[in-house]
file input-v4.cif (mmCIF, C-alpha atoms)
data_model
#
loop_
_atom_site.label_atom_id
_atom_site.label_comp_id
_atom_site.auth_asym_id
_atom_site.auth_seq_id
_atom_site.Cartn_x
_atom_site.Cartn_y
_atom_site.Cartn_z
CA MET I 1 -33.65 -28.37 -42.24
CA THR I 2 -34.65 -31.71 -40.68
CA THR I 3 -35.11 -33.11 -44.19
CA ARG I 4 -31.64 -31.90 -45.12
CA LEU I 5 -30.01 -33.36 -42.01
CA GLY I 6 -31.88 -36.66 -42.13
CA THR I 7 -32.98 -38.42 -38.97
CA HIS I 8 -29.52 -39.90 -38.36
CA GLY I 9 -25.98 -38.74 -38.99
CA VAL I 10 -22.45 -39.93 -38.29
CA TRP I 11 -20.35 -38.16 -35.67
CA LEU I 12 -16.64 -38.49 -36.46
CA ALA I 13 -13.95 -37.68 -33.89
CA PRO I 14 -10.67 -35.76 -34.44
CA GLN I 15 -8.66 -39.01 -34.40
CA HIS I 16 -10.47 -40.09 -37.57
CA THR I 17 -8.94 -37.22 -39.57
CA PRO I 18 -6.48 -39.30 -41.68
CA ALA I 19 -9.37 -41.34 -43.10
CA LEU I 20 -12.05 -38.70 -42.77
CA THR I 21 -12.84 -38.11 -46.44
CA GLY I 22 -13.38 -41.80 -47.11
CA TYR I 23 -15.53 -42.17 -44.00
CA VAL I 24 -17.78 -39.26 -45.00
CA GLN I 25 -18.10 -40.53 -48.56
CA GLU I 26 -19.12 -43.96 -47.32
CA ALA I 27 -21.55 -42.47 -44.79
CA GLU I 28 -23.23 -40.64 -47.66
CA ASP I 29 -23.45 -43.86 -49.67
CA LEU I 30 -24.95 -45.66 -46.64
CA GLY I 31 -27.75 -43.11 -46.41
CA TYR I 32 -26.72 -40.99 -43.42
CA GLY I 33 -27.91 -37.42 -43.87
CA THR I 34 -25.18 -35.54 -42.00
CA ALA I 35 -21.51 -35.91 -41.10
CA TRP I 36 -20.69 -34.17 -37.82
CA ILE I 37 -16.97 -33.37 -37.75
CA GLY I 38 -15.52 -33.29 -34.26
CA HIS I 39 -12.80 -30.72 -33.49
CA GLY I 40 -12.23 -30.66 -29.74
CA ASN I 41 -10.44 -27.41 -28.93
CA ALA I 42 -8.58 -27.20 -32.23
CA ALA I 43 -8.36 -24.15 -34.44
CA VAL I 44 -10.35 -24.69 -37.63
CA GLY I 45 -9.00 -21.75 -39.66
CA GLU I 46 -11.53 -20.64 -42.25
CA LEU I 47 -13.28 -24.02 -42.36
CA GLU I 48 -11.06 -25.42 -45.12
CA GLN I 49 -11.58 -29.00 -43.92
CA HIS I 50 -15.35 -28.72 -44.23
CA ASP I 51 -15.03 -27.13 -47.66
CA ALA I 52 -12.89 -30.07 -48.84
CA LEU I 53 -15.35 -32.64 -47.46
CA LEU I 54 -18.25 -30.95 -49.21
CA SER I 55 -16.27 -30.91 -52.46
CA ALA I 56 -15.58 -34.65 -52.10
CA THR I 57 -19.27 -35.55 -51.59
CA ARG I 58 -22.57 -34.99 -53.38
CA THR I 59 -25.52 -34.48 -51.05
CA ILE I 60 -24.55 -35.13 -47.42
CA THR I 61 -24.68 -32.19 -45.02
CA VAL I 62 -21.39 -31.43 -43.24
CA ALA I 63 -21.59 -29.92 -39.75
CA SER I 64 -18.86 -28.64 -37.44
CA ALA I 65 -18.97 -30.25 -34.00
CA ILE I 66 -17.94 -27.91 -32.62
CA VAL I 67 -16.05 -24.76 -33.53
CA ASN I 68 -14.60 -23.81 -30.16
CA MET I 69 -15.30 -20.16 -29.33
CA TRP I 70 -12.11 -19.73 -27.32
CA THR I 71 -9.72 -20.88 -30.05
CA ASN I 72 -11.45 -19.57 -33.20
CA GLU I 73 -12.12 -15.96 -34.07
CA PRO I 74 -15.70 -15.52 -35.33
CA GLU I 75 -14.67 -13.26 -38.22
CA ALA I 76 -12.38 -15.96 -39.66
CA VAL I 77 -15.12 -18.55 -39.21
CA ALA I 78 -17.58 -16.22 -40.95
CA ARG I 79 -15.24 -15.80 -43.93
CA GLY I 80 -15.06 -19.56 -44.27
CA PHE I 81 -18.80 -19.89 -43.91
CA HIS I 82 -19.49 -17.42 -46.73
CA ARG I 83 -17.00 -19.12 -49.03
CA ILE I 84 -18.66 -22.48 -48.36
CA ALA I 85 -22.14 -21.04 -48.87
CA ASP I 86 -21.10 -19.65 -52.25
CA ARG I 87 -19.69 -23.03 -53.34
CA HIS I 88 -22.04 -25.52 -51.70
CA GLY I 89 -25.26 -23.71 -50.85
CA GLU I 90 -26.94 -24.91 -47.66
CA ARG I 91 -25.03 -28.18 -47.22
CA PHE I 92 -22.98 -26.81 -44.32
CA LEU I 93 -24.19 -26.34 -40.73
CA LEU I 94 -22.03 -24.31 -38.36
CA GLY I 95 -21.90 -25.81 -34.87
CA VAL I 96 -20.29 -23.54 -32.26
CA GLY I 97 -19.77 -23.73 -28.50
CA VAL I 98 -17.54 -22.98 -25.53
CA GLY I 99 -16.38 -26.52 -24.79
CA HIS I 100 -15.47 -27.21 -21.16
CA PRO I 101 -13.50 -25.11 -18.68
CA GLU I 102 -10.85 -27.70 -17.81
CA ALA I 103 -9.47 -27.65 -21.36
CA VAL I 104 -9.14 -23.91 -21.96
CA ALA I 105 -6.87 -21.73 -19.84
CA VAL I 106 -8.80 -18.51 -20.56
CA TYR I 107 -12.25 -19.98 -19.94
CA GLN I 108 -14.17 -17.25 -18.08
CA LYS I 109 -17.83 -16.18 -18.02
CA PRO I 110 -18.86 -18.74 -20.65
CA TYR I 111 -22.42 -17.47 -21.16
CA ALA I 112 -21.18 -13.96 -21.90
CA LYS I 113 -18.67 -15.44 -24.34
CA VAL I 114 -21.45 -17.30 -26.18
CA VAL I 115 -23.56 -14.15 -26.50
CA GLU I 116 -20.59 -12.09 -27.71
CA TYR I 117 -19.59 -14.76 -30.25
CA LEU I 118 -23.10 -15.03 -31.66
CA ASP I 119 -23.27 -11.23 -31.88
CA ARG I 120 -20.05 -11.15 -33.90
CA LEU I 121 -21.20 -13.93 -36.23
CA ASP I 122 -24.40 -11.98 -36.73
CA GLU I 123 -22.45 -8.81 -37.52
CA ALA I 124 -20.38 -10.81 -40.03
CA GLY I 125 -23.52 -11.88 -41.85
CA VAL I 126 -23.77 -15.54 -40.81
CA PRO I 127 -27.50 -16.37 -40.80
CA ARG I 128 -28.90 -17.66 -37.53
CA LYS I 129 -30.63 -20.46 -39.45
CA SER I 130 -27.19 -21.82 -40.34
CA ILE I 131 -25.88 -22.06 -36.74
CA VAL I 132 -26.46 -24.62 -33.99
CA LEU I 133 -25.19 -24.10 -30.47
CA ALA I 134 -23.60 -26.78 -28.31
CA ALA I 135 -25.69 -26.59 -25.16
CA LEU I 136 -26.23 -28.54 -21.94
CA GLY I 137 -27.57 -26.17 -19.27
CA PRO I 138 -30.91 -24.34 -19.20
CA LYS I 139 -29.61 -20.84 -20.02
CA THR I 140 -27.64 -21.99 -23.03
CA LEU I 141 -30.45 -24.24 -24.28
CA ARG I 142 -32.86 -21.32 -24.15
CA LEU I 143 -30.31 -19.12 -25.91
CA ALA I 144 -29.92 -21.72 -28.64
CA GLY I 145 -33.63 -21.61 -29.30
CA GLU I 146 -33.68 -17.81 -29.31
CA ARG I 147 -30.46 -16.93 -31.19
CA THR I 148 -29.69 -19.89 -33.47
CA LEU I 149 -31.35 -22.66 -35.43
CA GLY I 150 -31.21 -24.84 -32.32
CA ALA I 151 -29.17 -26.88 -29.85
CA ALA I 152 -26.64 -29.69 -30.21
CA PRO I 153 -26.19 -31.41 -26.81
CA TYR I 154 -23.36 -33.91 -26.42
CA LEU I 155 -23.06 -37.13 -24.40
CA MET I 156 -26.49 -36.88 -22.80
CA PRO I 157 -29.24 -39.47 -22.12
CA THR I 158 -32.81 -39.26 -23.37
CA ALA I 159 -33.94 -37.60 -20.13
CA HIS I 160 -31.81 -34.60 -21.06
CA THR I 161 -33.23 -34.60 -24.59
CA ALA I 162 -36.78 -34.34 -23.23
CA HIS I 163 -35.68 -31.49 -20.93
CA ALA I 164 -33.86 -29.74 -23.78
CA ARG I 165 -36.90 -29.94 -26.04
CA GLU I 166 -38.94 -27.92 -23.53
CA LEU I 167 -36.28 -25.21 -23.36
CA VAL I 168 -35.38 -25.02 -27.05
CA GLY I 169 -39.05 -24.75 -27.99
CA ASP I 170 -39.60 -24.99 -31.73
CA GLY I 171 -35.86 -24.81 -32.43
CA LEU I 172 -33.89 -27.67 -33.90
CA LEU I 173 -32.67 -30.27 -31.38
CA VAL I 174 -29.81 -32.44 -32.64
CA PRO I 175 -28.22 -34.43 -29.80
CA GLU I 176 -25.15 -36.61 -30.24
CA GLN I 177 -25.52 -40.25 -29.15
CA THR I 178 -22.42 -42.27 -28.37
CA LEU I 179 -22.82 -46.04 -28.62
CA VAL I 180 -20.93 -49.32 -28.99
CA VAL I 181 -22.11 -51.78 -31.63
CA ASP I 182 -21.30 -54.93 -29.66
CA ALA I 183 -23.71 -57.38 -28.01
CA ASP I 184 -21.11 -58.55 -25.47
CA PRO I 185 -21.77 -56.36 -22.36
CA ALA I 186 -18.34 -56.73 -20.77
CA ARG I 187 -16.43 -55.99 -23.95
CA ALA I 188 -18.74 -53.11 -24.86
CA ARG I 189 -18.51 -51.49 -21.43
CA ALA I 190 -14.73 -51.70 -21.60
CA ALA I 191 -14.79 -49.77 -24.87
CA ALA I 192 -17.25 -47.26 -23.41
CA ARG I 193 -15.13 -46.70 -20.28
CA GLU I 194 -12.05 -46.15 -22.41
CA PHE I 195 -13.93 -43.48 -24.35
CA LEU I 196 -15.56 -41.86 -21.30
CA ASP I 197 -12.46 -41.63 -19.12
CA VAL I 198 -11.57 -38.11 -20.26
CA TYR I 199 -15.13 -36.88 -19.61
CA LEU I 200 -15.47 -38.28 -16.09
CA GLY I 201 -13.49 -35.38 -14.68
CA LEU I 202 -15.35 -32.63 -16.54
CA ARG I 203 -17.85 -30.91 -14.27
CA ASN I 204 -20.19 -29.57 -16.96
CA TYR I 205 -20.86 -33.07 -18.32
CA MET I 206 -20.90 -34.95 -15.03
CA GLY I 207 -22.89 -32.24 -13.25
CA THR I 208 -25.51 -32.32 -15.98
CA LEU I 209 -25.74 -36.12 -15.80
CA VAL I 210 -26.37 -35.90 -12.04
CA LYS I 211 -29.27 -33.55 -12.78
CA HIS I 212 -30.76 -36.09 -15.16
CA GLY I 213 -30.95 -39.34 -13.26
CA LEU I 214 -27.48 -40.32 -12.04
CA THR I 215 -25.76 -39.92 -8.66
CA GLU I 216 -22.37 -38.44 -7.79
CA GLN I 217 -21.17 -41.95 -6.95
CA GLU I 218 -22.28 -43.32 -10.31
CA VAL I 219 -20.44 -40.69 -12.34
CA ALA I 220 -17.22 -40.99 -10.30
CA ARG I 221 -14.38 -42.66 -12.20
CA PRO I 222 -14.54 -45.35 -13.62
CA GLY I 223 -18.32 -44.88 -13.85
CA SER I 224 -20.95 -47.36 -12.72
CA ASP I 225 -22.36 -49.95 -15.11
CA ARG I 226 -25.70 -48.12 -14.96
CA MET I 227 -24.05 -44.88 -16.01
CA ILE I 228 -22.19 -46.59 -18.86
CA ASP I 229 -25.35 -48.25 -20.14
CA LEU I 230 -27.31 -44.99 -19.93
CA VAL I 231 -24.78 -42.70 -21.58
CA VAL I 232 -23.01 -45.06 -23.99
CA PRO I 233 -25.49 -47.87 -24.74
CA SER I 234 -24.33 -51.04 -26.43
CA GLY I 235 -25.92 -54.05 -28.05
CA SER I 236 -26.92 -55.43 -31.41
CA PRO I 237 -27.78 -53.03 -34.25
CA GLU I 238 -31.47 -53.78 -33.65
CA GLN I 239 -31.22 -52.98 -29.93
CA LEU I 240 -29.33 -49.75 -30.63
CA ALA I 241 -31.88 -48.70 -33.24
CA GLU I 242 -34.47 -48.85 -30.46
CA ARG I 243 -32.29 -46.63 -28.24
CA LEU I 244 -31.90 -44.12 -31.08
CA ALA I 245 -35.67 -44.15 -31.57
CA GLU I 246 -36.02 -43.22 -27.89
CA GLN I 247 -34.00 -40.05 -28.55
CA VAL I 248 -36.36 -39.10 -31.36
CA LYS I 249 -39.38 -39.88 -29.21
CA ALA I 250 -37.93 -37.65 -26.46
CA GLY I 251 -37.82 -34.71 -28.85
CA ALA I 252 -34.74 -35.00 -31.06
CA ASP I 253 -35.15 -33.87 -34.67
CA HIS I 254 -31.95 -35.63 -35.67
CA VAL I 255 -29.37 -37.78 -33.84
CA GLY I 256 -25.64 -37.62 -34.54
CA ILE I 257 -24.39 -41.16 -33.91
CA GLN I 258 -20.86 -41.59 -32.57
CA VAL I 259 -19.72 -45.21 -32.89
CA VAL I 260 -17.07 -46.03 -30.28
CA THR I 261 -14.56 -48.84 -30.73
CA ARG I 262 -11.63 -50.07 -28.67
CA ASP I 263 -8.45 -48.07 -29.23
CA ALA I 264 -10.33 -45.52 -31.37
CA GLY I 265 -10.42 -47.89 -34.32
CA ASP I 266 -12.38 -47.79 -37.58
CA PRO I 267 -16.03 -46.91 -36.77
CA MET I 268 -17.41 -47.73 -40.22
CA PRO I 269 -18.29 -51.40 -39.57
CA GLY I 270 -20.63 -50.15 -36.85
CA TYR I 271 -22.17 -47.55 -39.13
CA ARG I 272 -22.68 -50.17 -41.83
CA ALA I 273 -24.43 -52.50 -39.40
CA LEU I 274 -26.68 -49.71 -38.10
CA ALA I 275 -27.58 -48.54 -41.59
CA LYS I 276 -29.06 -51.97 -42.33
CA VAL I 277 -31.64 -51.59 -39.55
CA LEU I 278 -32.23 -47.82 -39.44
CA TRP I 279 -33.76 -47.57 -42.93
#
call {"tool": "encode", "arguments": {"input": "input-v4.cif", "output": "structure tokens"}}
result
Amino acid sequence: MTTRLGTHGVWLAPQHTPALTGYVQEAEDLGYGTAWIGHGNAAVGELEQHDALLSATRTITVASAIVNMWTNEPEAVARGFHRIADRHGERFLLGVGVGHPEAVAVYQKPYAKVVEYLDRLDEAGVPRKSIVLAALGPKTLRLAGERTLGAAPYLMPTAHTAHARELVGDGLLVPEQTLVVDADPARARAAAREFLDVYLGLRNYMGTLVKHGLTEQEVARPGSDRMIDLVVPSGSPEQLAERLAEQVKAGADHVGIQVVTRDAGDPMPGYRALAKVLW
């Protein structure tokens, strides 16, 4: 699976949807092994978007990041998965998770929801080796290692990756890494703060960051410079390649790279610059 995913992938956000096909095609041409498709809390139907992206590309793996368990019925997701498997073999990876409580009105007993959802995917014939679980806390990380191919943490520093590796065991560990390809610290931090603003009020993310090296004061809006530099590093492509290597050294099998720009602009110049130094 690590060979299929590659060491690095692109992580594309929902706002990139109008240009998504072209972005994924270019990412494939640049040598990235996986395209992680962000969904937020949206309904994904029977994974038609992923099917179309796979049809428009040749070899790149397409992964859902993530299918929200509160807004997507597992049986519909399973139907889409089986259709994709018939058409594209093992080029699709199903990422699922519960998101965060502030965004979903019916969010209750999240761990029980995860277990139930995985049970229903299992009953619908989705192989565990084709699923990764969005996970931050210890219980969910352990569950990811036990019930799925592995864990896909989001917006976490390398200290969390090292912690996650211990809990996931031999399972796949595929963290997302947000970054800004810009060597100007002030400009880069401004872009990072713009991106992070929505997350600064979410207790699952901020609480986990406090457990892995930051203080309550540092994660309070607008976020300290140290927090920004730790969670959304910036710099030249060469400097950022070193930060990505730190994630691998900490235990990541693959890193999904999310390039952040001001005003959610075109991320591909950043991916092009990184590709020149990553391989």
call {"tool": "residues_around", "arguments": {"input": "input-v4.cif", "residues": "Leu30 (chain I)", "least_positions_apart": "4", "cutoff": "7 Å", "atoms": "all atoms listed in the file", "output": "list in words"}}
result
Glu26, Arg272 and Ala275 of chain I
call {"tool": "residues_around", "arguments": {"input": "input-v4.cif", "residues": "Gly150 (chain I)", "least_positions_apart": "3", "cutoff": "8 Å", "atoms": "only C-alpha atoms", "output": "JSON, numbers by chain"}}
result
{"I": [131, 132, 133, 144, 145, 168, 171, 172, 173, 174]}
call {"tool": "residues_around", "arguments": {"input": "input-v4.cif", "residues": "Val219 (chain I)", "least_positions_apart": "3", "cutoff": "8 Å", "atoms": "only C-alpha atoms", "output": "ChimeraX atom specification"}}
result
/I:200,206,209-210,214-216,222-224,227
call {"tool": "atom_distance", "arguments": {"input": "input-v4.cif", "atom1": "CA of Ala252 (chain I)", "atom2": "CA of Tyr205 (chain I)"}}
result
18.9 Å
call {"tool": "closest_residue", "arguments": {"input": "input-v4.cif", "among": "I:Arg262, I:Lys113, I:His50, I:Arg83", "to": "Ala188 (chain I)", "atoms": "all atoms listed in the file"}}
result
I:Arg262
call {"tool": "closest_residue", "arguments": {"input": "input-v4.cif", "among": "I:Pro157, I:Gly207, I:Pro269, I:Pro233", "to": "Ala250 (chain I)", "atoms": "only C-alpha atoms"}}
result
I:Pro157
call {"tool": "atom_distance", "arguments": {"input": "input-v4.cif", "atom1": "CA of Gly213 (chain I)", "atom2": "CA of Leu196 (chain I)"}}
result
17.5 Å
call {"tool": "residues_near_point", "arguments": {"input": "input-v4.cif", "point": "(-28.0, -42.7, -26.7)", "cutoff": "8 Å", "atoms": "all atoms listed in the file", "output": "PDB file with C-alpha atoms, in the coordinates of the input"}}
result
ATOM      1  CA  LEU I 155     -23.060 -37.130 -24.400  1.00  0.00           C
ATOM      2  CA  MET I 156     -26.490 -36.880 -22.800  1.00  0.00           C
ATOM      3  CA  PRO I 157     -29.240 -39.470 -22.120  1.00  0.00           C
ATOM      4  CA  THR I 158     -32.810 -39.260 -23.370  1.00  0.00           C
ATOM      5  CA  GLU I 176     -25.150 -36.610 -30.240  1.00  0.00           C
ATOM      6  CA  GLN I 177     -25.520 -40.250 -29.150  1.00  0.00           C
ATOM      7  CA  THR I 178     -22.420 -42.270 -28.370  1.00  0.00           C
ATOM      8  CA  LEU I 179     -22.820 -46.040 -28.620  1.00  0.00           C
ATOM      9  CA  LEU I 230     -27.310 -44.990 -19.930  1.00  0.00           C
ATOM     10  CA  VAL I 231     -24.780 -42.700 -21.580  1.00  0.00           C
ATOM     11  CA  VAL I 232     -23.010 -45.060 -23.990  1.00  0.00           C
ATOM     12  CA  PRO I 233     -25.490 -47.870 -24.740  1.00  0.00           C
ATOM     13  CA  ARG I 243     -32.290 -46.630 -28.240  1.00  0.00           C
ATOM     14  CA  LEU I 244     -31.900 -44.120 -31.080  1.00  0.00           C
ATOM     15  CA  GLN I 247     -34.000 -40.050 -28.550  1.00  0.00           C
TER      16      GLN I 247
END
call {"tool": "residues_around", "arguments": {"input": "input-v4.cif", "residues": "Leu5 (chain I)", "least_positions_apart": "3", "cutoff": "6 Å", "atoms": "all atoms listed in the file", "output": "PyMOL selection string"}}
result
chain I and resi 2+33-34
call {"tool": "closest_residue", "arguments": {"input": "input-v4.cif", "among": "I:Gly256, I:Ala245, I:Pro153, I:Asp170", "to": "Ala63 (chain I)", "atoms": "only C-alpha atoms"}}
result
I:Gly256
call {"tool": "closest_residue", "arguments": {"input": "input-v4.cif", "among": "I:Pro74, I:Gly6, I:Gly99, I:Gly265", "to": "Thr59 (chain I)", "atoms": "all atoms listed in the file"}}
result
I:Gly6
call {"tool": "resolve_selection", "arguments": {"input": "input-v4.cif", "expression": "the PyMOL selection byres ((chain I and resi 120-126) around 7)", "output": "PDB file with C-alpha atoms, keeping the file's coordinate frame"}}
result
ATOM      1  CA  PRO I  74     -15.700 -15.520 -35.330  1.00  0.00           C
ATOM      2  CA  GLU I  75     -14.670 -13.260 -38.220  1.00  0.00           C
ATOM      3  CA  ALA I  78     -17.580 -16.220 -40.950  1.00  0.00           C
ATOM      4  CA  GLU I 116     -20.590 -12.090 -27.710  1.00  0.00           C
ATOM      5  CA  TYR I 117     -19.590 -14.760 -30.250  1.00  0.00           C
ATOM      6  CA  LEU I 118     -23.100 -15.030 -31.660  1.00  0.00           C
ATOM      7  CA  ASP I 119     -23.270 -11.230 -31.880  1.00  0.00           C
ATOM      8  CA  PRO I 127     -27.500 -16.370 -40.800  1.00  0.00           C
ATOM      9  CA  ARG I 128     -28.900 -17.660 -37.530  1.00  0.00           C
TER      10      ARG I 128
END
call {"tool": "atom_distance", "arguments": {"input": "input-v4.cif", "atom1": "CA of Leu136 (chain I)", "atom2": "CA of Ala241 (chain I)"}}
result
23.8 Å
